[in-house]
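Presented below is the structure to which this report refers.
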Amino acid sequence: MKRRDLLKSLAWSGAGIAAVSCRDQEEAARLVAESGDVDQRGLTWQKAPCRFCGTGCGVQVGVADGVVQAVRGDEASPVNKGLLCVKGYHLPGFLYGEDRLRYPMLRDGSNYRRISWDEALDLIASKFREALDAHGDRSVAMYGSGQWTVHDGYAASKFFRAGMGSNNVDPNARLCMASAVVGFMTQFKSDEPMGCYEDFEEGDDFILWGNNMAEMHPVLYSRILENKRKNPSVRIVDIATRRTPTTDYADMYVQFTPGSDLALANGILHLLVANGDVDEAFVRENVIFKRGNENIEEIGFGCWGPDGTSTNPADGPAERYGFGDTARNSSLEELERFLEDYSPARVSEISGVPVAQIRSLARMYGDQSRGTVSLWCMGVNQHSRGTWMNNLITDLHLLTGKISRPGSNPLSLTGQPSACGTVREVGTLAHRLPADMNVNVDAHRAIAEDIWNVPAGTINPRPGYHTMDMFRALARSDIKVMWIQVTNPWVTIPNLNRMISERPDDDDRFIIVSDIYPTPTTAMADLILPSAAWVEREGVFGNTERRTQHWNQMVPPPGEATEDAWQIIQVAKRMGYEHLFPWPEDNWHEPMYEEYREFTLGRGKDVAAYQQLRETPGMLWPVVDGKETRYRYAAGYDPYVQKSSGVHFYKAKDYGEKAAFWLRPYHRPAEVPDDEYPMWLTTGRTLEHWHTGSMTRRIPQLHQAVPQGYVEVNRADALDLGINEGSMVKVSSRRGTVDLPAMIDGRGRPPRGTVFVPFFDENRLINVLTLDAMDNLSKEPDYKKCAVRIELA
């Protein structure tokens with residue numbers, strides 16, 4: 001037997017591979033990933049990224065008889081190295097729910113009737129054309145997703161911007177990582193992290209800002225824990241508003257009052273300056289200082305004014321509550337004066353964090369002998385000052401020089417499989433184009449029009465509606481036709497009572513929804529389209545660490561389901577935009593991707609060639625001369641950096657190719673507890689379920705583990721209110737009421753005065769209660785804090 005065949009045989013056997021060397025194990029895994037061979041059980045295995053979160057774990061997918069029969073962690077993947085979380089191990093189950101959508105369905109009174117694809121596509125094209133002709137480019141909209149593949153998002157953006165002349169394309173990722181985008185853009189003039197997952201092995205101190213990694217990113221957390229097992233000096237700090245499984249493994253738990261993280265970050269900066277822990281040489285060479293508008297009366301809270309009352313725009317233009325920041329130059333000396341207000345004592349009073357813990361955090365960030373990695377996700381981003389908080393975390397690294405080097409970086413985690421690859425890189429936000437370009441910049445539009453081969457002036461310079469505006473415009477009938485793909489907004493939008501709740505007979509709006517299962521969102525649709533999911537189609541995702549990953553179609557979709565990009569292309573052709581999608585019907589994935597890739601080349605965003613993605617478990621951009629980049633802006637790693645040592649923030653042309661340190665003050669939250677609503681509510685995910693549960697609740701094992709939503713209640717609060725484990729509790733805010741069973745001393749343990757509710761249960765819509773205040777820079781709403789009261793139902 002040849003060595004190649006022997007290694008593959010051992011890999012199939014599982015146990016046998018453990019008997020050979022690590023190098024042979026890696027080669028065996030690679031051979032299996034490339035081959036698609038049939039194993040001894042009759043399964044054909046191919047590689048794919050996981051369908052769930054933004055970690056981007058590699059999986060091996062085992063197929064027989066046209067059905068996904070099994071999955072296992074891909075040992076060749078540098079992301080997870082063969083490990084999966086509980087959701088990943090149950091991936092096949094989400095494809096095979098009994099109620100999969102299989103055929104186009106058109107609303108017929110209170111019911112739906114099956115129609116053909118030709119009828120459905122013709123109808124969509126005619127509805128878009130009628131709206132454009134009668135009401136203009138603002139009357140049509142596409143609401144997409146961080147679950148879109150690169151092909152889906154690119155097709156949608158090109159169709160709208162180069163075809164219909166509308167920028168009304170925005171994704172559900174607006175609700176989860178828009179603040180991170182604006183944070184990176186305001187500091188580096190380029191989006192996405194500079195580090196990679198190797199930081200989990202290289203770092204010494206891991207500071208988690210409001211991020212329950214043990215449940216939300218368990219595979220990545222396991223890498224930190226393995227580092228700690230091998231190196232007991234590794235420290236984990238959990239900065240949070242409630243104890244979680246992440247806390248159980250932390251060396252220090254830092255509990256802060258919701259919304260006070262801005263003060264805490266400034267308190268750490270205060271001590272870094274006071275203690276002389278500023279890397280002055282690094283700052284002098286690589287950093288400029290900026291300061292923006294800090295007037296809370298002028299900024300407000302999006303649709304909520306500074307007095308905490310709603311400024312409902314339903315009766316007027318959405319722009320009436322907009323805010324545009326103005327920046328001016330600042331200095332290290334001004335920073336020192338600014339930070340005088342953030343003494344440890346004052347920060348402790350605001351945040352509830354003991355002075356000793358504030359000092360400990362400052363020592364960690366200031367210790368140049370140790371690598372520091374800051375990690376955050378929704379706790380920071382879903383924040384009425386989310387951009388500011390992103391800025392402040394990165395400020396901690398800029399001030400100490402702990403950035404763009406192995407084991408020292410700020411790393412924003414993401415929640416969806418291609419929120420980075422599709423939303424941020426392809427540019428499916430209402431103001432974006434691919435590769436960090438914007439529709440309101442003349443030179444950027446000219447580049448896009450050249451690549452898309454459309455006349456100058458085709459792309460509209462006016463940004464479209466962002467997500468929150470988009471659904472308000474739909475509510476007041478300014479949007480006449482909306483197409484929703486791969487997302488469930490009638491569960492996820494905050495303050496759901498402001499959404500359309502019923503469809504009158506004379507409704508002149510037309511809503512199309514492409515999905516794989518019935519949801520509360522499909523229930524609002526005029527036309528439902530069945531979509532192909534995951535390995536039922538070919539695709540590309542991009543994960544948190546800038547890794548672009550490809551997979552092949554491995555099984556057929558059910559019924560007449562088709563991939564979302566195909567649906568978009570077919571409508572575009574029916575509207576006369578066939579020139580935008582000139583590729584053969586049976587071979588368009590690679591040429592579409594390679595056209596998109598043109599945007600990225602030479603701009604420091606270079607994604608790998610399609611063929612290279614086929615042959616590897618993903619590549620970290622920028623990929624230059626076939627080589628990936630582990631650390632952006634770093635000499636010796638980034639091919640765009642010509643210096644022999646140090647860093648070069650070459651994308652920040654407007655800043656003299658330096659990074660911007662932003663002075664950002666503490667502002668109170670939009671809503672705080674009072675006598676009528678005396679408790680904090682925060683929301684999030686749980687380990688077993690993903691987002692709205694439309695996939696994971698159809699996996700029997702995951703549904704049985706956590707079958708319904710619940711409210712976590714502190715034991716002392718429960719005793720005061722006569723609440724027992726499992727008691728039905730009425731949770732009320734100024735916006736609505738939801739009844740939920742109580743959970744006391746579960747995996748999550750909130751402090752007194754705080755409750756937590758996950759949002760996966762469509763029968764218990766917690767977003768009826770949440771606040772639609774938002775960050776006025778990123779337009780991302782604040783799901784993490786509002787005022788409620790609880791009582792026995």
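As shown in the structure tokens, the chain order sets the letters A, B, ...; within each chain, residues go from 1, and ligands are also counted from 1 in the order they appear.
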
Report as a list in words all protein, DNA and RNA residues lying within 10 Å of Tyr249 (chain A), evaluated on only C-alpha atoms, omitting residues in the same chain fewer than 4 positions from it. Ala214, Tyr221, Leu225, Lys228, Arg235, Ile236, Val237, Asp238, Thr244, Pro245 and Tyr253 of chain A

Determine which residues of region 367-544 of chain A DSSP labels as helix (DSSP H, G or I) from the backbone of this structure, then write them out as a PyMOL selection string. chain A and resi 378-381+386-400+419-427+442-452+467-475+489-492+496-498+522-524+534-536

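Taking only C-alpha atoms, the non-local environment of Asp674 (chain A) within 10 Å (same-chain residues fewer than 6 positions away omitted) comprises A:Trp680, A:Ala787, A:Val788, A:Arg789.
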
Sort by chain and increasing residue number a table of all residues of region 219-297 of chain A within 8 Å of region 378-392 of chain A, each with its closest pair of atoms and their distance in Å to one decimal, counting only C-alpha atoms, and write it as CSV.
```
residue,atom,partner,partner_atom,distance
A:Gly259,CA,A:His383,CA,7.8
A:Asp261,CA,A:Met389,CA,7.5
A:Leu262,CA,A:Met389,CA,6.0
A:Ala265,CA,A:Leu392,CA,6.3
A:Asn266,CA,A:Leu392,CA,7.4
```

Between A:Arg243, A:Ser166, A:Lys189, A:Trp583, which residue has the minimum interatomic distance to Asp654 (chain A), considering only C-alpha atoms? A:Lys189

Name the residues in contact with Thr544 (chain A) at a cut-off of 6 Å, using only C-alpha atoms, excluding same-chain residues fewer than 5 positions from it; report them as number ranges by chain. A: 54, 413-414

Nearest to Asn211 (chain A) among A:Arg229, A:Arg685, A:Lys785, A:His550, with distances taken over only C-alpha atoms: which residue is it? A:Arg685

Interatomic distance (Å, one decimal) between CA of Val731 (chain A) and CA of Phe256 (chain A): 22.5 Å

Contact residues around Pro494 (chain A) with only C-alpha atoms at 9 Å, ignoring same-chain residues under 2 positions, as a ChimeraX atom specification: /A:468,491-492,496-498,766-773,781-783

For the selection you just gave me, I'd like the residues written to a file as a PDB file, in the first residue's frame, keeping C-alpha atoms.
```pdb
ATOM      1  CA  MET A 468     -33.668  50.450  11.950  1.00  0.00           C
ATOM      2  CA  VAL A 491     -38.144  38.101  16.124  1.00  0.00           C
ATOM      3  CA  THR A 492     -34.904  40.109  16.240  1.00  0.00           C
ATOM      4  CA  LEU A 496     -41.065  44.758  18.095  1.00  0.00           C
ATOM      5  CA  ASN A 497     -44.342  46.548  18.727  1.00  0.00           C
ATOM      6  CA  ARG A 498     -43.194  49.177  16.237  1.00  0.00           C
ATOM      7  CA  ILE A 766     -38.257  39.195  24.445  1.00  0.00           C
ATOM      8  CA  ASN A 767     -37.693  41.909  21.848  1.00  0.00           C
ATOM      9  CA  VAL A 768     -41.192  43.177  22.578  1.00  0.00           C
ATOM     10  CA  LEU A 769     -39.519  44.573  25.710  1.00  0.00           C
ATOM     11  CA  THR A 770     -36.149  45.750  24.440  1.00  0.00           C
ATOM     12  CA  LEU A 771     -35.215  49.316  23.697  1.00  0.00           C
ATOM     13  CA  ASP A 772     -34.640  50.611  20.177  1.00  0.00           C
ATOM     14  CA  ALA A 773     -32.210  53.280  21.292  1.00  0.00           C
ATOM     15  CA  PRO A 781     -29.419  49.228  18.653  1.00  0.00           C
ATOM     16  CA  ASP A 782     -28.827  48.623  22.352  1.00  0.00           C
ATOM     17  CA  TYR A 783     -30.228  45.203  23.308  1.00  0.00           C
TER      18      TYR A 783
END
```

One residue among A:Ser531, A:Thr521, A:Ser404, A:Asn295 is nearest to Glu762 (chain A) when using only C-alpha atoms, and that residue is A:Thr521

For each of A:Met194, A:Ile723, A:Met619, A:Val540, take the minimum atom-to-atom distance to Ile403 (chain A), counting only C-alpha atoms, then give the residue where this is smallest.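 The closest residue to Ile403 (chain A) is A:Met194.
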